[in-house]
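Take a look at the structure set out below.
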Amino acid sequence: MSDIPNELRYCRTHEWVSSAEDGVVTVGITDHAQDQLGDLVFVELPEIGDPFEAEAECAVIESVKAASDIYCPVAGEITEVNEALMDSPELVNDDPYGDGWLFRIAITDEADLDSLLDADGYQEVLDA
Amino acid sequence: MPFIPHTEEDLREMLAAIGVPDIEALFDEIPATLRCGKLIRLPQAISEMEVTGLMSARARQDGAPVCFVGAGAYDHHIPAAVWQLASRGEFYTAYTPYQAEASQGTLQVLYEFQSMMAALTGMEVSNASLYDGATALAEAVLMAVRANRKSRSRRILVPRTLHPAYRRVVQAMVGKQNIELVELPFDPAGGHTDPAALAAFEGQDITALVIPQPNYFGVLEEVDLLTDWAHANKTLAIAVVNPVALALLHPPGSWGEEGADISCGEGQPLGAPLSSGGPYLGFICCRQKLVRQMPGRIVGRTRDLDGKIGYTLTLQAREQHIRRSKATSNICTNQGLMATAATIHLALLGSEGLERVAAACHANARSLVQKLTALEGVEPLFNRPTFHEQVLCLPVPADDVLRQLSAQDLLGGLNLSRDYPELGNAILVCATEKRTELEMDDFQRKLRAILTC
Amino acid sequence: MLIYQHSRSGRRATAQAPLQTADLSAIPKRFRRQQRAELPEVSEMQAVRHYTRLSQQNFSIDTQFYPLGSCTMKYNPRGCNSLAMLPEFLARHPEAPADHSQGFMACLYELQEILKEVTGMQAVSLSPAAGAQGEFAGVAMIRAYHDARGDKARSEILVPDAAHGTNPASAVMCGYRVRETPSGADGDVDIEALRRLVGPQTAGIMLTNPSTLGVFDRNIEAIATLMHEAGGLLYYDGANLNAILGKVRPGDMGFDVIHVNLHKTFATPHGGGGPGAGPVGVSERLQPYLPVPMVAREGEHYHWLTEESCPESIGRLSTFAGNAGVLLRAYIYARMLGGEGMERVAEYATLNANYMLKRLTDAGFDAAYPERRATHEFILTLQRQAKELGVNTMDFAKRLLDYGFHAPTTYFPLQVPECLLIEPTETESREELDGFIEALCRIKQEAEEHPEQVTGAPYNLPVKRLDDVRAARELDLVWRPDNN
């Protein structure tokens, strides 16, 4: 069973989103996603200030056997990226909801958050 | 049945095991309407003995004229050990080292190849080969477009002193991705790209500048100035280099203040026979920070379960078999055997040996030019330093002269009128370390006879 | 040990280099290298031993059964090698004039004709250097065709989910967007799903038939009709041509453009990753766009077709004429086989694959498509073993190496879980196949009784299982004196 914290929102494409603080949310990938990918070897992050539409490709994570696009869960502008992943991509494997976060984004429209899945909804996606 | 080992008994028993009456039954899922008849237009099978006769006759028909042509393919001596080793079945008949533990030979050779190419070019990393020099440049251009995030223009400056076939190949390979190749003129006196000509592009958004060294005319370019111009203009510098010349010349990794960003070229001079243009060996090297934009196979050194050193393909998430439509390139099969030959070639020569080869080429080319320009009406066209090739101007149309030389078993250079009509009766001549005084004197004698008759 | 680690400063093996160092005064100092490149300094014998020993750490066709699916690792006849390496062929400069090239050009011309006949296409260009470059050439010709008709709305290439990764990558290099078409449960293209994807935006479809799922697509005529009616063209990836040589021709199936992998079907050596050759063949409407150069014949004289004679060509894909030495080997092979020999290739490749499939499923392995005939290759899925025993496909593959067999292709195609794609080729004897079958059965037994014996494999090779995560995280791509 993979870990799906109740306080987060989720995408079908296996990203998680924190609740907004001053209009900024944190984004990462789920425990299930990191488990499927296996040991991560590289994370390509967006640049601070980059604008993205919801569902646009905004980052890439690589394991030895796969490379996966990360889709931006909400429209907005990147305010911060997790620099620690440059040297230690394994943080995503070890702590996907904590030290393994990917980036923070200033949301254009906070209502976007309502269209995301809650923990139960994401669990259903995994069970399907 | 050539190369098929089955006996009548094997066939009978295997069909019985499968439970079909004959081999034909195994093709029963192919719609009958599609089946073709006998391939009647194919020649009848011939034995190895007969095909030996045929091929030997055809080889003799072509002969082996003395070669003063270079133009991207160079007639160097290849140490005997190179192909005796590279032709060993274990190298020759293996494939891409997908099962690393069963391919340590190939993988270690490729790691050594990467090390040697990085050392020669003065760059940080190398891949494990591309098809040839021209396609390596096309890949370098695509790589530059991905890597130069400050540039949006997808405009590449390509000097007219770059090999014409390279320019055509790059156009064919990148032209469908909205990349624009902008031609840079050359200095008519020097035969080089005048750095001052770049002023016209100052401040414009240019993705990359291609810098050949030596250039197609054999002339040395002002690589430091060109590289520095590129970097001052937020443009990436792509070096196209001859690996033998690099034994003598400043390596691209230290051109200008910061060095070239990507270096590529034709590895044929390192152990590949002329062989009608292929198989040759494309190489590409770059800065470490661009390595994830690199096309093709890359080998890395790692450890096994016991901590023992071993080698494996790495950074595969860039490649087509994983990344599919988003891969850095479509290349799969590369030129592994030619990279193996190049590695052995470089190991045997070492840097001093390679330097002697390069120096002998340079000296022979100078000596050849001296002998030929001693003839009435034969003039060097450009006045700048060269490596082992030079453009000469003839007093009469080049085609006719070259045809007469060829009829006397001597390839006297390449006619440049097709690609550079503005140069008149110009030919590009080359002398590698293999050309002897005797052969050069003979060239002079034959040319004199043709020009004076 | 690396060759660099045999190196001692001042050691020389330069019997092969010119003796004298020459006068370099004509090269001004600013162009000159300041420091010699870091290359090894070893004796000739050290180099020979080093590379001989390295070669012994490889599996190869010459030493092992190498059933790598979709790669056609058949025997590489030595006659092809030695004749392609006759001194005159090796010494021929690519710019040699036609009067010193008629023998060479005759071989190329005849190879073009042979490939036309076996593929059922109208014209052939030999120049692409490998399969992927053949794909690029093919898709570029499809684009040139639509562009020439002013049909600019076609922006998509369809690619089955089971296709080689080169297919989508090549389409993108030609400026197309890629749409994936799903395979049905029986392994054939899902034609209803395809129907929904095809439209005025479709430039073409890239298909391998037999597909990489190891089955012949029985709907190929319907697919061809569907595509052509929508104005799209069909591209044939020749990776699996070995299965149908002399039985059915891509041209007869309705394909407009194809490539052939000579290093697969025409037995040229794989060289540890290349060189290959990927000639392309086309139907009449694509003929003007073929890549240059090609060889033409006028009476008894051969000449080159270049940019000047083919103004609508997609252009040149290598500096000279592609991998000429590979083309000569393929030509010699084709001459030794003749028409009848080519049919035998498909027959015995298919016999070997079906024999293995039958015996392995009898022994308790699961076929991915149990209702289907094998072509020249077939897929086993080890999903059951992975789930029940915790021994996956990679473990089986590594353990096979211990038994002296190269592993089949693993984890490809992507949509078959835990898959082994097995291609024996026609040149393997029944004894060899039986040995491989026996080894797989023994590994299955090991997996059932002592799974750790399989998951810890290999044991008998120069190295144990390698840490590829470490290789990618701590990149070490180049030896340096300070990186020993």
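By order in the structure tokens, chains are A, B, ...; within a chain, residues start at 1; ligands start at 1, following the order shown.
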With chain A as the partner and 12 Å as the cut-off, tabulate the residues of chain C that qualify, each row holding the nearest pair of atoms and their distance in Å to one decimal, using only C-alpha atoms, sorted by chain and rising number, as JSON lines.
```
{"residue": "C:Thr410", "atom": "CA", "partner": "A:Lys65", "partner_atom": "CA", "distance": 11.8}
{"residue": "C:Tyr411", "atom": "CA", "partner": "A:Lys65", "partner_atom": "CA", "distance": 9.9}
{"residue": "C:Phe412", "atom": "CA", "partner": "A:Lys65", "partner_atom": "CA", "distance": 11.7}
{"residue": "C:Leu414", "atom": "CA", "partner": "A:Ala66", "partner_atom": "CA", "distance": 11.1}
{"residue": "C:Asp467", "atom": "CA", "partner": "A:Val64", "partner_atom": "CA", "distance": 10.2}
{"residue": "C:Asp468", "atom": "CA", "partner": "A:Val64", "partner_atom": "CA", "distance": 6.9}
{"residue": "C:Val469", "atom": "CA", "partner": "A:Val64", "partner_atom": "CA", "distance": 6.2}
{"residue": "C:Arg470", "atom": "CA", "partner": "A:Val41", "partner_atom": "CA", "distance": 8.3}
{"residue": "C:Ala471", "atom": "CA", "partner": "A:Val41", "partner_atom": "CA", "distance": 9.1}
{"residue": "C:Ala472", "atom": "CA", "partner": "A:Val41", "partner_atom": "CA", "distance": 5.9}
{"residue": "C:Arg473", "atom": "CA", "partner": "A:Val41", "partner_atom": "CA", "distance": 5.1}
{"residue": "C:Glu474", "atom": "CA", "partner": "A:Val41", "partner_atom": "CA", "distance": 8.9}
{"residue": "C:Leu475", "atom": "CA", "partner": "A:Val41", "partner_atom": "CA", "distance": 10.1}
```
Exercise. For Ala367 of chain C, list every protein, DNA or RNA residue within 9 Å, evaluated using only C-alpha atoms, and leave out those in the same chain fewer than 5 positions away; present the list as a list in words.
Key: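 Skipping anything fewer than 5 positions along the chain leaves Leu357, Leu360, Thr361, Phe378, Ile379, Leu380, Thr381 and Leu382 of chain C.
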Self-check item: Contacts of Pro185 of chain B at 8 Å (only C-alpha atoms; same-chain gap of 2+ positions) as a ChimeraX atom specification
Solution: /B:159-161,183,187,193,197
Practice problem: Any chance you could list, as a PyMOL selection string, the residues in segment 351-397 of chain C that come up strand (DSSP E or B) when DSSP is run on the backbone? | Solution: chain C and resi 366-367+378-381
Grab the residues selected above and save them as a CSV table (one decimal), in the first residue's frame with C-alpha atoms.
```
chain,number,residue,atom,x,y,z
C,366,ASP,CA,3.3,-18.5,-21.0
C,367,ALA,CA,3.2,-17.1,-24.5
C,378,PHE,CA,7.8,-14.7,-30.3
C,379,ILE,CA,7.2,-13.4,-26.8
C,380,LEU,CA,7.1,-15.1,-23.5
C,381,THR,CA,5.7,-13.3,-20.6
```
Practice problem: Tell me, in Å to one decimal, how far atom CA of Pro182 of chain C is from atom CA of Pro370 of chain C. | Solution: 19.1 Å
Quiz item: Once you count only C-alpha atoms, which residues of chain B turn out to be within 8 Å of chain A? Could you give them as a ChimeraX atom specification?
Solution: /B:314-317,322-323
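Of the listed residues (B:Arg149, B:Arg154, B:Arg435, B:Arg303), B:Arg303 comes nearest to chain C; the distances count only C-alpha atoms.
Minimum distance to chain B across C:Tyr145, C:Phe320, C:Tyr302, C:Tyr4 (counting only C-alpha atoms) occurs at C:Phe320.
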With a distance cut-off of 10 Å and only C-alpha atoms, select the neighbouring residues of Thr26 of chain A, excluding the residue or stretch itself and same-chain residues fewer than 4 positions from it, and output the selection as a PDB file with N, CA and C atoms, in the first residue's frame.
```pdb
ATOM      1  N   LEU A   8      -3.348  16.544   1.232  1.00  0.00           N
ATOM      2  CA  LEU A   8      -2.888  16.996  -0.086  1.00  0.00           C
ATOM      3  C   LEU A   8      -3.954  16.763  -1.157  1.00  0.00           C
ATOM      4  N   TRP A  16       1.335  15.522  -6.578  1.00  0.00           N
ATOM      5  CA  TRP A  16       0.569  16.022  -5.426  1.00  0.00           C
ATOM      6  C   TRP A  16       0.743  17.521  -5.310  1.00  0.00           C
ATOM      7  N   VAL A  17      -0.241  18.180  -4.674  1.00  0.00           N
ATOM      8  CA  VAL A  17      -0.217  19.631  -4.508  1.00  0.00           C
ATOM      9  C   VAL A  17      -0.605  19.948  -3.063  1.00  0.00           C
ATOM     10  N   SER A  18       0.176  20.822  -2.435  1.00  0.00           N
ATOM     11  CA  SER A  18      -0.164  21.225  -1.063  1.00  0.00           C
ATOM     12  C   SER A  18      -1.273  22.271  -1.110  1.00  0.00           C
ATOM     13  N   SER A  19      -1.868  22.590   0.050  1.00  0.00           N
ATOM     14  CA  SER A  19      -2.831  23.690   0.045  1.00  0.00           C
ATOM     15  C   SER A  19      -2.081  25.017  -0.054  1.00  0.00           C
ATOM     16  N   ALA A  20      -2.751  26.034  -0.546  1.00  0.00           N
ATOM     17  CA  ALA A  20      -2.098  27.298  -0.860  1.00  0.00           C
ATOM     18  C   ALA A  20      -1.752  28.092   0.397  1.00  0.00           C
ATOM     19  N   GLU A  21      -0.537  28.648   0.368  1.00  0.00           N
ATOM     20  CA  GLU A  21      -0.148  29.596   1.417  1.00  0.00           C
ATOM     21  C   GLU A  21       0.264  30.871   0.711  1.00  0.00           C
ATOM     22  N   ILE A  78       6.406  29.745 -11.574  1.00  0.00           N
ATOM     23  CA  ILE A  78       7.315  29.052 -10.656  1.00  0.00           C
ATOM     24  C   ILE A  78       7.996  30.085  -9.739  1.00  0.00           C
ATOM     25  N   THR A  79       7.941  29.829  -8.424  1.00  0.00           N
ATOM     26  CA  THR A  79       8.588  30.756  -7.489  1.00  0.00           C
ATOM     27  C   THR A  79       9.838  30.158  -6.853  1.00  0.00           C
ATOM     28  N   GLU A  80       9.911  28.832  -6.838  1.00  0.00           N
ATOM     29  CA  GLU A  80      11.039  28.192  -6.164  1.00  0.00           C
ATOM     30  C   GLU A  80      11.164  26.767  -6.691  1.00  0.00           C
ATOM     31  N   VAL A  81      12.400  26.279  -6.812  1.00  0.00           N
ATOM     32  CA  VAL A  81      12.592  24.869  -7.175  1.00  0.00           C
ATOM     33  C   VAL A  81      13.478  24.220  -6.123  1.00  0.00           C
ATOM     34  N   TYR A  97       6.890  13.213  -0.072  1.00  0.00           N
ATOM     35  CA  TYR A  97       5.993  14.286   0.359  1.00  0.00           C
ATOM     36  C   TYR A  97       6.721  15.341   1.200  1.00  0.00           C
ATOM     37  N   TRP A 101      10.132  17.261  -2.437  1.00  0.00           N
ATOM     38  CA  TRP A 101       9.252  18.144  -3.228  1.00  0.00           C
ATOM     39  C   TRP A 101       9.978  18.645  -4.461  1.00  0.00           C
ATOM     40  N   LEU A 102       9.225  19.048  -5.506  1.00  0.00           N
ATOM     41  CA  LEU A 102       9.868  19.451  -6.761  1.00  0.00           C
ATOM     42  C   LEU A 102       9.954  20.974  -6.924  1.00  0.00           C
ATOM     43  N   PHE A 103       8.804  21.642  -6.846  1.00  0.00           N
ATOM     44  CA  PHE A 103       8.837  23.095  -7.059  1.00  0.00           C
ATOM     45  C   PHE A 103       7.643  23.756  -6.384  1.00  0.00           C
ATOM     46  N   ARG A 104       7.719  25.086  -6.266  1.00  0.00           N
ATOM     47  CA  ARG A 104       6.582  25.852  -5.740  1.00  0.00           C
ATOM     48  C   ARG A 104       6.093  26.783  -6.846  1.00  0.00           C
ATOM     49  N   ILE A 105       4.785  26.989  -6.863  1.00  0.00           N
ATOM     50  CA  ILE A 105       4.207  27.765  -7.949  1.00  0.00           C
ATOM     51  C   ILE A 105       3.135  28.712  -7.410  1.00  0.00           C
ATOM     52  N   ALA A 106       3.181  29.951  -7.878  1.00  0.00           N
ATOM     53  CA  ALA A 106       2.164  30.942  -7.502  1.00  0.00           C
ATOM     54  C   ALA A 106       0.966  30.738  -8.414  1.00  0.00           C
TER      55      ALA A 106
END
```
Quiz item: Which residues come within 7 Å of segment 91-103 of chain C, counting only C-alpha atoms, excluding same-chain residues fewer than 4 positions away, as a ChimeraX atom specification?
Solution: /B:58-59,61-64,273-277 /C:87,107,302-303,320
Next, write the just-selected residues to a file, as a short mmCIF file (atom, residue, chain, number, x, y, z; two decimals), in the first residue's frame, keeping N, CA and C atoms as the atom set.
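The new file part14.cif reads:
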```
data_model
loop_
_atom_site.label_atom_id
_atom_site.label_comp_id
_atom_site.auth_asym_id
_atom_site.auth_seq_id
_atom_site.Cartn_x
_atom_site.Cartn_y
_atom_site.Cartn_z
N ARG B 58 36.03 -7.50 -60.02
CA ARG B 58 35.52 -6.12 -59.88
C ARG B 58 36.50 -5.23 -59.13
N ALA B 59 37.15 -5.80 -58.13
CA ALA B 59 38.15 -5.03 -57.38
C ALA B 59 39.31 -4.65 -58.31
N GLN B 61 39.24 -4.37 -61.48
CA GLN B 61 38.75 -3.40 -62.47
C GLN B 61 38.91 -1.97 -61.94
N ASP B 62 38.67 -1.76 -60.64
CA ASP B 62 38.76 -0.41 -60.07
C ASP B 62 40.21 0.00 -59.80
N GLY B 63 41.07 -0.98 -59.60
CA GLY B 63 42.48 -0.68 -59.40
C GLY B 63 42.72 0.06 -58.09
N ALA B 64 43.96 0.55 -57.94
CA ALA B 64 44.29 1.29 -56.72
C ALA B 64 45.17 2.47 -57.09
N PRO B 273 39.58 2.49 -43.02
CA PRO B 273 40.05 2.60 -44.40
C PRO B 273 39.14 3.50 -45.22
N LEU B 274 39.62 4.00 -46.36
CA LEU B 274 38.84 4.91 -47.20
C LEU B 274 37.52 4.29 -47.61
N SER B 275 37.58 3.04 -48.08
CA SER B 275 36.40 2.20 -48.25
C SER B 275 35.18 2.92 -48.85
N SER B 276 35.42 3.70 -49.89
CA SER B 276 34.32 4.33 -50.64
C SER B 276 33.41 5.20 -49.80
N GLY B 277 33.89 5.66 -48.65
CA GLY B 277 33.10 6.62 -47.89
C GLY B 277 32.41 6.06 -46.67
N PRO C 87 41.83 -5.41 -51.07
CA PRO C 87 42.58 -4.15 -50.93
C PRO C 87 42.04 -3.01 -51.79
N CYS C 107 28.38 -3.43 -58.13
CA CYS C 107 27.87 -4.14 -56.95
C CYS C 107 26.70 -3.36 -56.34
N TYR C 302 28.21 2.72 -65.39
CA TYR C 302 27.50 3.15 -64.20
C TYR C 302 27.86 4.59 -63.85
N HIS C 303 26.88 5.36 -63.41
CA HIS C 303 27.19 6.72 -62.95
C HIS C 303 26.37 7.05 -61.72
N PHE C 320 29.36 10.92 -47.76
CA PHE C 320 29.59 10.30 -49.06
C PHE C 320 28.40 9.41 -49.44
#
```
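Counting from atom CA of Gln415 of chain C, the distance to atom CA of Phe27 of chain B is 25.2 Å.
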Exercise. Please identify which residues in segment 53-87 of chain A DSSP calls alpha helix (DSSP H) from the backbone, and express them as a ChimeraX atom specification.
Key: /A:84-87
Quiz item: atom CA of Tyr333 of chain C and atom CA of Phe436 of chain C are how many Å apart?
Solution: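 Atom CA of Phe436 of chain C lies 27.4 Å from atom CA of Tyr333 of chain C.
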Practice problem: Find, counting only C-alpha atoms, the residue in B:Val429, B:Leu348, B:Ala339, B:Val291 that gets nearest to chain C. | Solution: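 Checking each of B:Val429, B:Leu348, B:Ala339, B:Val291 against chain C, counting only C-alpha atoms, the winner is B:Leu348.
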Quiz item: With only C-alpha atoms as the atoms that count, which of C:Ala321, C:Ala132, C:Leu433, C:Ala144 lies nearest to Asp10 of chain B?
Solution: C:Leu433
Quiz prompt | Which of B:Cys264, B:Ala341, B:Leu354, B:Ala140 sits closest to chain C [using only C-alpha atoms] | solution =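 Of B:Cys264, B:Ala341, B:Leu354, B:Ala140, the one nearest chain C is B:Leu354, counting only C-alpha atoms.
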Practice problem: Rank nothing, just name the residue among B:Asp75, B:Asp205, B:Glu376, B:Asp304 nearest to chain C, using only C-alpha atoms. | Solution: B:Asp304
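Every protein or nucleic acid residue with an atom no more than 10 Å from Met49 of chain B, counting only C-alpha atoms and leaving out same-chain residues fewer than 4 positions away, appears here: Gly53 and Leu54 of chain B; Gly79 and Met336 of chain C.
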Expected file contents, prior selection, C-alpha atoms, as a JSON list (two decimals), in the first residue's frame:
```
[["chain", "number", "residue", "atom", "x", "y", "z"],
["B", 53, "GLY", "CA", 36.06, -14.70, -58.64],
["B", 54, "LEU", "CA", 33.41, -12.06, -59.32],
["C", 79, "GLY", "CA", 33.35, -14.82, -47.22],
["C", 336, "MET", "CA", 25.43, -16.54, -52.33]]
```
